[in-house]
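Structure file entry-v9.pdb (PDB, C-alpha atoms and all ligand atoms) follows.
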ATOM      1  CA  MET A 943     -21.599  29.694  -6.002
ATOM      2  CA  THR A 944     -18.979  30.429  -3.349
ATOM      3  CA  LYS A 945     -15.517  29.062  -3.951
ATOM      4  CA  PRO A 946     -14.946  25.805  -2.045
ATOM      5  CA  PHE A 947     -12.779  26.015   1.077
ATOM      6  CA  SER A 948      -9.598  23.959   1.094
ATOM      7  CA  VAL A 949      -7.262  22.821   3.840
ATOM      8  CA  ALA A 950      -3.937  21.288   2.773
ATOM      9  CA  ILE A 951      -2.143  19.068   5.265
ATOM     10  CA  ASP A 952       1.311  17.895   4.234
ATOM     11  CA  GLY A 953       4.005  16.084   6.131
ATOM     12  CA  PRO A 954       5.986  12.854   6.441
ATOM     13  CA  SER A 955       4.467   9.389   6.960
ATOM     14  CA  GLY A 956       3.005   8.692  10.368
ATOM     15  CA  ALA A 957       2.708  12.307  11.528
ATOM     16  CA  GLY A 958      -1.030  11.732  12.063
ATOM     17  CA  LYS A 959      -2.245  13.557   8.945
ATOM     18  CA  SER A 960      -4.932  11.091   7.920
ATOM     19  CA  THR A 961      -6.347  10.410  11.397
ATOM     20  CA  ILE A 962      -6.582  14.115  12.189
ATOM     21  CA  ALA A 963      -7.863  15.128   8.746
ATOM     22  CA  LYS A 964     -10.536  12.429   8.784
ATOM     23  CA  LEU A 965     -11.853  13.513  12.194
ATOM     24  CA  LEU A 966     -11.892  17.187  11.322
ATOM     25  CA  ALA A 967     -13.468  16.667   7.908
ATOM     26  CA  LYS A 968     -16.354  14.877   9.559
ATOM     27  CA  GLU A 969     -16.793  17.636  12.100
ATOM     28  CA  LEU A 970     -16.663  20.396   9.496
ATOM     29  CA  GLY A 971     -18.709  18.572   6.855
ATOM     30  CA  PHE A 972     -15.777  18.667   4.414
ATOM     31  CA  ILE A 973     -14.617  15.853   2.151
ATOM     32  CA  TYR A 974     -11.410  14.186   3.297
ATOM     33  CA  VAL A 975      -9.048  13.395   0.435
ATOM     34  CA  ASP A 976      -6.234  10.992   1.245
ATOM     35  CA  THR A 977      -3.933  11.522  -1.739
ATOM     36  CA  GLY A 978      -1.435   8.917  -0.482
ATOM     37  CA  ALA A 979      -4.071   6.296  -1.254
ATOM     38  CA  LEU A 980      -3.844   7.252  -4.950
ATOM     39  CA  TYR A 981      -0.078   6.655  -5.037
ATOM     40  CA  ARG A 982      -0.613   3.458  -3.053
ATOM     41  CA  ALA A 983      -3.204   2.254  -5.569
ATOM     42  CA  ILE A 984      -0.730   2.760  -8.411
ATOM     43  CA  GLY A 985       2.039   1.010  -6.423
ATOM     44  CA  TYR A 986      -0.331  -1.863  -5.731
ATOM     45  CA  GLU A 987      -1.330  -2.169  -9.373
ATOM     46  CA  VAL A 988       2.314  -2.245 -10.517
ATOM     47  CA  LEU A 989       3.061  -5.102  -8.084
ATOM     48  CA  ASN A 990      -0.159  -6.817  -9.134
ATOM     49  CA  ARG A 991       0.944  -6.738 -12.756
ATOM     50  CA  GLY A 992       4.370  -8.162 -11.898
ATOM     51  CA  GLY A 993       6.253  -4.902 -12.457
ATOM     52  CA  LYS A 994       8.890  -3.081 -10.425
ATOM     53  CA  PRO A 995       7.666   0.181  -8.843
ATOM     54  CA  ASN A 996      11.037   1.815  -9.512
ATOM     55  CA  ASP A 997      10.952   0.944 -13.230
ATOM     56  CA  PRO A 998       9.649   4.133 -14.905
ATOM     57  CA  ASP A 999       9.188   2.395 -18.290
ATOM     58  CA  PHE A1000       6.907  -0.254 -16.852
ATOM     59  CA  VAL A1001       4.954   2.239 -14.759
ATOM     60  CA  GLU A1002       4.549   4.800 -17.563
ATOM     61  CA  ASP A1003       3.421   2.082 -19.948
ATOM     62  CA  MET A1004       0.759   1.007 -17.460
ATOM     63  CA  LEU A1005      -0.733   4.475 -16.813
ATOM     64  CA  PRO A1006      -2.806   4.860 -20.016
ATOM     65  CA  ARG A1007      -4.384   1.475 -19.304
ATOM     66  CA  ILE A1008      -5.703   2.358 -15.886
ATOM     67  CA  ASN A1009      -8.526   4.532 -14.700
ATOM     68  CA  ILE A1010      -8.433   5.704 -11.079
ATOM     69  CA  GLU A1011     -11.527   6.894  -9.242
ATOM     70  CA  LEU A1012     -12.200   8.150  -5.731
ATOM     71  CA  LYS A1013     -15.570   7.166  -4.300
ATOM     72  CA  TYR A1014     -17.111   7.937  -0.936
ATOM     73  CA  ILE A1015     -19.085   5.082   0.574
ATOM     74  CA  ASP A1016     -20.561   5.861   4.038
ATOM     75  CA  ASP A1017     -18.067   8.764   4.292
ATOM     76  CA  ILE A1018     -15.147   6.417   3.712
ATOM     77  CA  GLN A1019     -12.842   7.147   0.806
ATOM     78  CA  CYS A1020     -12.476   4.179  -1.540
ATOM     79  CA  VAL A1021     -10.015   3.963  -4.422
ATOM     80  CA  LEU A1022     -11.005   2.115  -7.556
ATOM     81  CA  ILE A1023      -8.705   0.987 -10.338
ATOM     82  CA  ASN A1024     -10.530   0.081 -13.526
ATOM     83  CA  GLY A1025     -13.670  -0.264 -11.443
ATOM     84  CA  LYS A1026     -12.098  -2.598  -8.842
ATOM     85  CA  ASP A1027     -12.088  -1.385  -5.242
ATOM     86  CA  VAL A1028      -8.477  -1.808  -4.023
ATOM     87  CA  THR A1029      -8.897   0.131  -0.748
ATOM     88  CA  GLU A1030      -8.323  -2.841   1.514
ATOM     89  CA  PHE A1031      -5.134  -3.976  -0.262
ATOM     90  CA  ILE A1032      -3.073  -0.796  -0.155
ATOM     91  CA  ARG A1033      -1.972  -0.547   3.499
ATOM     92  CA  THR A1034       0.691  -3.260   3.617
ATOM     93  CA  PRO A1035       4.383  -2.366   4.185
ATOM     94  CA  GLU A1036       5.158  -3.677   0.672
ATOM     95  CA  VAL A1037       2.619  -1.360  -0.952
ATOM     96  CA  SER A1038       3.890   1.569   1.194
ATOM     97  CA  MET A1039       7.380   1.197  -0.299
ATOM     98  CA  ALA A1040       5.927   0.706  -3.794
ATOM     99  CA  ALA A1041       3.883   3.913  -3.391
ATOM    100  CA  SER A1042       6.978   5.839  -2.368
ATOM    101  CA  SER A1043       8.843   4.534  -5.456
ATOM    102  CA  VAL A1044       6.112   5.286  -8.004
ATOM    103  CA  SER A1045       5.527   8.714  -6.477
ATOM    104  CA  ALA A1046       9.020   9.770  -7.605
ATOM    105  CA  ILE A1047       8.044   9.262 -11.271
ATOM    106  CA  PRO A1048       6.874  12.615 -12.749
ATOM    107  CA  ALA A1049       4.375  10.909 -15.116
ATOM    108  CA  VAL A1050       2.618   9.379 -12.095
ATOM    109  CA  ARG A1051       2.361  12.765 -10.390
ATOM    110  CA  SER A1052       0.854  14.453 -13.436
ATOM    111  CA  PHE A1053      -1.484  11.485 -13.978
ATOM    112  CA  LEU A1054      -2.972  12.070 -10.491
ATOM    113  CA  PHE A1055      -2.895  15.867 -10.552
ATOM    114  CA  ASP A1056      -6.241  16.528 -12.288
ATOM    115  CA  LEU A1057      -8.179  14.116 -10.104
ATOM    116  CA  GLN A1058      -6.896  15.852  -6.948
ATOM    117  CA  ARG A1059      -7.465  19.347  -8.352
ATOM    118  CA  GLU A1060     -10.964  18.611  -9.614
ATOM    119  CA  THR A1061     -12.032  17.158  -6.268
ATOM    120  CA  ALA A1062     -11.001  20.383  -4.542
ATOM    121  CA  GLN A1063     -12.709  22.532  -7.170
ATOM    122  CA  LYS A1064     -16.038  20.834  -6.538
ATOM    123  CA  ASN A1065     -16.004  20.346  -2.745
ATOM    124  CA  ASP A1066     -14.826  21.829   0.545
ATOM    125  CA  VAL A1067     -11.859  19.566   1.270
ATOM    126  CA  ILE A1068      -9.220  18.630   3.746
ATOM    127  CA  MET A1069      -6.589  17.070   1.540
ATOM    128  CA  ASP A1070      -3.501  15.362   2.908
ATOM    129  CA  GLY A1071      -0.292  14.380   1.174
ATOM    130  CA  ARG A1072       3.227  15.587   0.534
ATOM    131  CA  ASP A1073       2.813  18.326  -2.100
ATOM    132  CA  ILE A1074      -0.707  19.613  -1.548
ATOM    133  CA  GLY A1075       0.262  23.084  -0.301
ATOM    134  CA  THR A1076       3.209  23.390  -2.692
ATOM    135  CA  VAL A1077       1.878  21.933  -5.977
ATOM    136  CA  VAL A1078      -1.682  20.581  -5.989
ATOM    137  CA  LEU A1079      -3.491  23.402  -4.150
ATOM    138  CA  PRO A1080      -1.018  26.292  -3.917
ATOM    139  CA  GLY A1081      -4.010  28.580  -3.301
ATOM    140  CA  ALA A1082      -5.407  26.517  -0.395
ATOM    141  CA  ASN A1083      -7.132  28.608   2.291
ATOM    142  CA  ILE A1084      -5.046  26.931   4.999
ATOM    143  CA  LYS A1085      -1.764  25.063   4.717
ATOM    144  CA  ILE A1086      -0.497  22.945   7.552
ATOM    145  CA  PHE A1087       2.769  21.030   7.669
ATOM    146  CA  LEU A1088       2.381  18.283  10.233
ATOM    147  CA  THR A1089       5.496  16.593  11.511
ATOM    148  CA  ALA A1090       6.909  14.589  14.451
ATOM    149  CA  SER A1091      10.172  12.819  15.288
ATOM    150  CA  VAL A1092      10.832   9.700  13.203
ATOM    151  CA  GLN A1093      10.804   7.567  16.389
ATOM    152  CA  ASP A1094       7.394   8.873  17.423
ATOM    153  CA  ARG A1095       5.984   8.364  13.942
ATOM    154  CA  ALA A1096       7.386   4.821  13.708
ATOM    155  CA  ARG A1097       5.971   3.943  17.130
ATOM    156  CA  ARG A1098       2.491   5.135  16.125
ATOM    157  CA  ARG A1099       2.613   3.292  12.802
ATOM    158  CA  TYR A1100       3.902   0.138  14.523
ATOM    159  CA  GLU A1101       0.995   0.222  16.995
ATOM    160  CA  GLU A1102      -1.458   0.778  14.121
ATOM    161  CA  LEU A1103      -0.096  -2.178  12.117
ATOM    162  CA  ASN A1104      -0.047  -4.343  15.230
ATOM    163  CA  LEU A1105      -3.721  -3.648  15.856
ATOM    164  CA  LYS A1106      -4.485  -4.662  12.276
ATOM    165  CA  GLY A1107      -2.552  -7.893  12.818
ATOM    166  CA  VAL A1108       0.189  -7.050  10.288
ATOM    167  CA  GLY A1109       3.214  -8.946  11.635
ATOM    168  CA  THR A1110       6.253  -6.652  11.807
ATOM    169  CA  THR A1111       8.721  -5.231  14.343
ATOM    170  CA  TYR A1112       9.258  -1.676  15.572
ATOM    171  CA  SER A1113      12.752  -1.642  14.119
ATOM    172  CA  ASN A1114      11.460  -2.707  10.667
ATOM    173  CA  VAL A1115       8.848   0.039  10.767
ATOM    174  CA  LEU A1116      11.478   2.580  11.859
ATOM    175  CA  ASP A1117      13.834   1.527   9.026
ATOM    176  CA  ASP A1118      11.043   1.696   6.419
ATOM    177  CA  MET A1119       9.929   5.068   7.684
ATOM    178  CA  ALA A1120      13.429   6.549   7.544
ATOM    179  CA  LYS A1121      13.823   5.158   4.014
ATOM    180  CA  ARG A1122      10.498   6.615   2.868
ATOM    181  CA  ASP A1123      11.312   9.978   4.498
ATOM    182  CA  TYR A1124      14.543  10.045   2.532
ATOM    183  CA  ASN A1125      12.894   9.034  -0.789
ATOM    184  CA  ASP A1126       9.971  11.424  -0.394
ATOM    185  CA  SER A1127      12.125  14.401   0.613
ATOM    186  CA  ASN A1128      14.944  13.913  -1.884
ATOM    187  CA  ARG A1129      13.144  13.103  -5.125
ATOM    188  CA  ALA A1130      13.342  15.661  -7.916
ATOM    189  CA  ALA A1131       9.577  15.721  -8.602
ATOM    190  CA  ALA A1132       7.529  17.640  -6.016
ATOM    191  CA  PRO A1133       9.575  16.582  -2.967
ATOM    192  CA  LEU A1134       8.097  16.664   0.506
ATOM    193  CA  LYS A1135       8.626  20.146   1.903
ATOM    194  CA  ALA A1136       6.710  22.728   3.829
ATOM    195  CA  ALA A1137       5.121  25.453   1.691
ATOM    196  CA  GLU A1138       6.520  28.866   2.608
ATOM    197  CA  ASP A1139       3.121  30.030   3.799
ATOM    198  CA  SER A1140       2.338  26.886   5.796
ATOM    199  CA  ILE A1141       1.895  26.626   9.540
ATOM    200  CA  ILE A1142       4.285  24.003  10.926
ATOM    201  CA  VAL A1143       2.845  21.796  13.670
ATOM    202  CA  ASP A1144       5.148  19.325  15.461
ATOM    203  CA  THR A1145       3.113  16.596  17.150
ATOM    204  CA  THR A1146       6.018  14.827  18.909
ATOM    205  CA  GLY A1147       4.827  13.703  22.336
ATOM    206  CA  ASN A1148       1.232  14.866  21.752
ATOM    207  CA  THR A1149      -1.827  12.721  22.200
ATOM    208  CA  LEU A1150      -4.118  12.527  19.186
ATOM    209  CA  GLU A1151      -6.648  14.722  20.997
ATOM    210  CA  GLN A1152      -4.032  17.432  21.616
ATOM    211  CA  SER A1153      -3.005  17.486  17.953
ATOM    212  CA  VAL A1154      -6.628  17.575  16.773
ATOM    213  CA  GLU A1155      -7.290  20.556  19.075
ATOM    214  CA  ILE A1156      -4.298  22.483  17.705
ATOM    215  CA  ILE A1157      -5.321  21.975  14.069
ATOM    216  CA  LYS A1158      -8.969  22.681  14.837
ATOM    217  CA  GLU A1159      -8.041  26.034  16.350
ATOM    218  CA  ILE A1160      -5.950  26.934  13.305
ATOM    219  CA  ILE A1161      -8.851  26.125  10.966
ATOM    220  CA  GLN A1162     -11.469  27.926  13.073
ATOM    221  CA  LYS A1163      -9.326  31.034  13.322
ATOM    222  CA  ALA A1164      -8.821  31.121   9.553
ATOM    223  CA  ARG A1165     -12.496  30.541   8.806
ATOM    224  CA  ASN A1166     -13.505  33.381  11.120
ATOM    225  CA  ASN A1167     -11.203  35.834   9.388
TER     226      ASN A1167
HETATM  227  O1  LIG B   1       0.552   9.266   2.947
HETATM  228  P1  LIG B   1       0.930   7.837   2.558
HETATM  229  O2  LIG B   1       1.909   7.196   3.480
HETATM  230  O3  LIG B   1      -0.273   6.987   2.328
HETATM  231  O4  LIG B   1       1.661   7.999   1.133
HETATM  232  C1  LIG B   1       2.216   6.910   0.436
HETATM  233  C2  LIG B   1       3.353   7.407  -0.454
HETATM  234  O5  LIG B   1       2.815   8.216  -1.507
HETATM  235  C3  LIG B   1       4.392   8.259   0.256
HETATM  236  O6  LIG B   1       5.546   7.507   0.575
HETATM  237  C4  LIG B   1       4.725   9.366  -0.721
HETATM  238  C5  LIG B   1       3.646   9.352  -1.746
HETATM  239  N1  LIG B   1       2.821  10.564  -1.758
HETATM  240  C6  LIG B   1       3.238  11.618  -2.511
HETATM  241  O7  LIG B   1       4.316  11.558  -3.094
HETATM  242  N2  LIG B   1       2.474  12.734  -2.631
HETATM  243  C7  LIG B   1       1.309  12.819  -1.997
HETATM  244  N3  LIG B   1       0.570  13.921  -2.142
HETATM  245  C8  LIG B   1       0.860  11.752  -1.173
HETATM  246  C9  LIG B   1       1.646  10.637  -1.066
END
Now, as a test, write the supplied structure out as structure tokens.
Ligand code: DC
Amino acid sequence: MTKPFSVAIDGPSGAGKSTIAKLLAKELGFIYVDTGALYRAIGYEVLNRGGKPNDPDFVEDMLPRINIELKYIDDIQCVLINGKDVTEFIRTPEVSMAASSVSAIPAVRSFLFDLQRETAQKNDVIMDGRDIGTVVLPGANIKIFLTASVQDRARRRYEELNLKGVGTTYSNVLDDMAKRDYNDSNRAAAPLKAAEDSIIVDTTGNTLEQSVEIIKEIIQKARNN
């Protein structure tokens, strides 16, 4: 059996990782793994159980009691906690902040490590997150670090939330994004940073189509080599 092909896409929130990765995975016939959804599911479950996402004792105590699974239904990634599909509950601003907090706890990162690794060992994947190229798949065939200005990223996220009917303002989204950037980049455990061998793509000012084209070319070039 040939070794599965893996594309790691890391970068800050709102850079377009998931939209681009989802589109390209479909085109290439790869599995798209949204690792942020795993941290979100844990953040959601902590809130659900009345805990504080920045309380390591509470979170660590909860981990042995939960089982997380990734399932693909009609090509859509679903996250299950103890058999319950939580996919539709994990996109709120509150869960975003909770995910950022729990993701700084080393026990949470190691809890999710095997699931991410195993998925890439069994399938051709495009996996997006913060530490995929640096920690989860250091041997990935392609590593991309996708970024954009914080204003551009906040504008895109604001428009996305607006479409979903989540009531918020641009300035709230911008504040939350700057806060999450800071948390994700400054934590001790696997902080957000570009792997040394990654290709950095700045999507500021690009349309989605332009960014997709750029990444597609990078992947095609690497696959032809
Ligand atoms: O990509 P996202 O916005 O859904 O991620 C939610 C949070 O999870 C983000 O603030 C940081 C964390 N995260 C992480 O630490 N490592 C990953 N590989 C993916 C996400």
Return as an NGL selection string the set of residues that the PyMOL selection byres (((chain A and resi 1054) around 12) and not hetatm) yields on the displayed structure. :A and (977-984 or 1005-1006 or 1008-1012 or 1044-1045 or 1047-1053 or 1055-1061 or 1073-1074 or 1077-1078)
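You can rank A:Asp1144, A:Lys994, A:Ala950, A:Gly958 by their closest distance to Ala1090 in chain A using only C-alpha atoms, and at the top of that list sits A:Asp1144.
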Please provide as a tab-separated table (two decimals) with C-alpha atoms, keeping the file's coordinate frame all residues within 12 Å of Arg991 in chain A, with the sequence filter that same-chain residues fewer than 5 positions apart are discarded (counting only C-alpha atoms).
chain	number	residue	atom	x	y	z
A	984	ILE	CA	-0.73	2.76	-8.41
A	985	GLY	CA	2.04	1.01	-6.42
A	986	TYR	CA	-0.33	-1.86	-5.73
A	1000	PHE	CA	6.91	-0.25	-16.85
A	1001	VAL	CA	4.95	2.24	-14.76
A	1003	ASP	CA	3.42	2.08	-19.95
A	1004	MET	CA	0.76	1.01	-17.46
A	1007	ARG	CA	-4.38	1.48	-19.30
A	1008	ILE	CA	-5.70	2.36	-15.89
Atom C9 of ligand LIG 1 (chain B) to CA of Arg1072 in chain A, distance in Å rounded to a single decimal:
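So the two atoms, atom C9 of ligand LIG 1 (chain B) and CA of Arg1072 in chain A, lie 5.4 Å apart.
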Report, as lines of an AutoDock Vina configuration file, the centre and edge lengths in Å (one decimal) of the axis-aligned box enclosing every listed atom of range 1135-1154 of chain A, padded by 6 Å on each side.
center_x = 1.0
center_y = 21.3
center_z = 12.0
size_x = 27.3
size_y = 29.5
size_z = 32.6
One-decimal distance in Å that lies between atom O6 of ligand LIG 1 (chain B) and CA of Ala1082 in chain A:
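Between CA of Ala1082 in chain A and atom O6 of ligand LIG 1 (chain B) the gap works out to 22.0 Å.
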- Between CA of Asn1128 in chain A and CA of Thr961 in chain A - distance in Å to one decimal: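 Distance reported for this atom pair: 25.3 Å.
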Evaluate the PyMOL selection byres (((chain A and resi 1083) around 7) and not hetatm) and report residues as a short mmCIF file (atom, residue, chain, number, x, y, z; two decimals) with C-alpha atoms, in the frame of the given file:
data_model
loop_
_atom_site.label_atom_id
_atom_site.label_comp_id
_atom_site.auth_asym_id
_atom_site.auth_seq_id
_atom_site.Cartn_x
_atom_site.Cartn_y
_atom_site.Cartn_z
CA PHE A 947 -12.78 26.02 1.08
CA SER A 948 -9.60 23.96 1.09
CA VAL A 949 -7.26 22.82 3.84
CA GLY A 1081 -4.01 28.58 -3.30
CA ALA A 1082 -5.41 26.52 -0.40
CA ILE A 1084 -5.05 26.93 5.00
CA LYS A 1085 -1.76 25.06 4.72
#
Min atom-atom distance to Ser1153 in chain A from the set A:Leu1105, A:Ile1032, A:Val1067, A:Leu1088, counting only C-alpha atoms, belongs to A:Leu1088
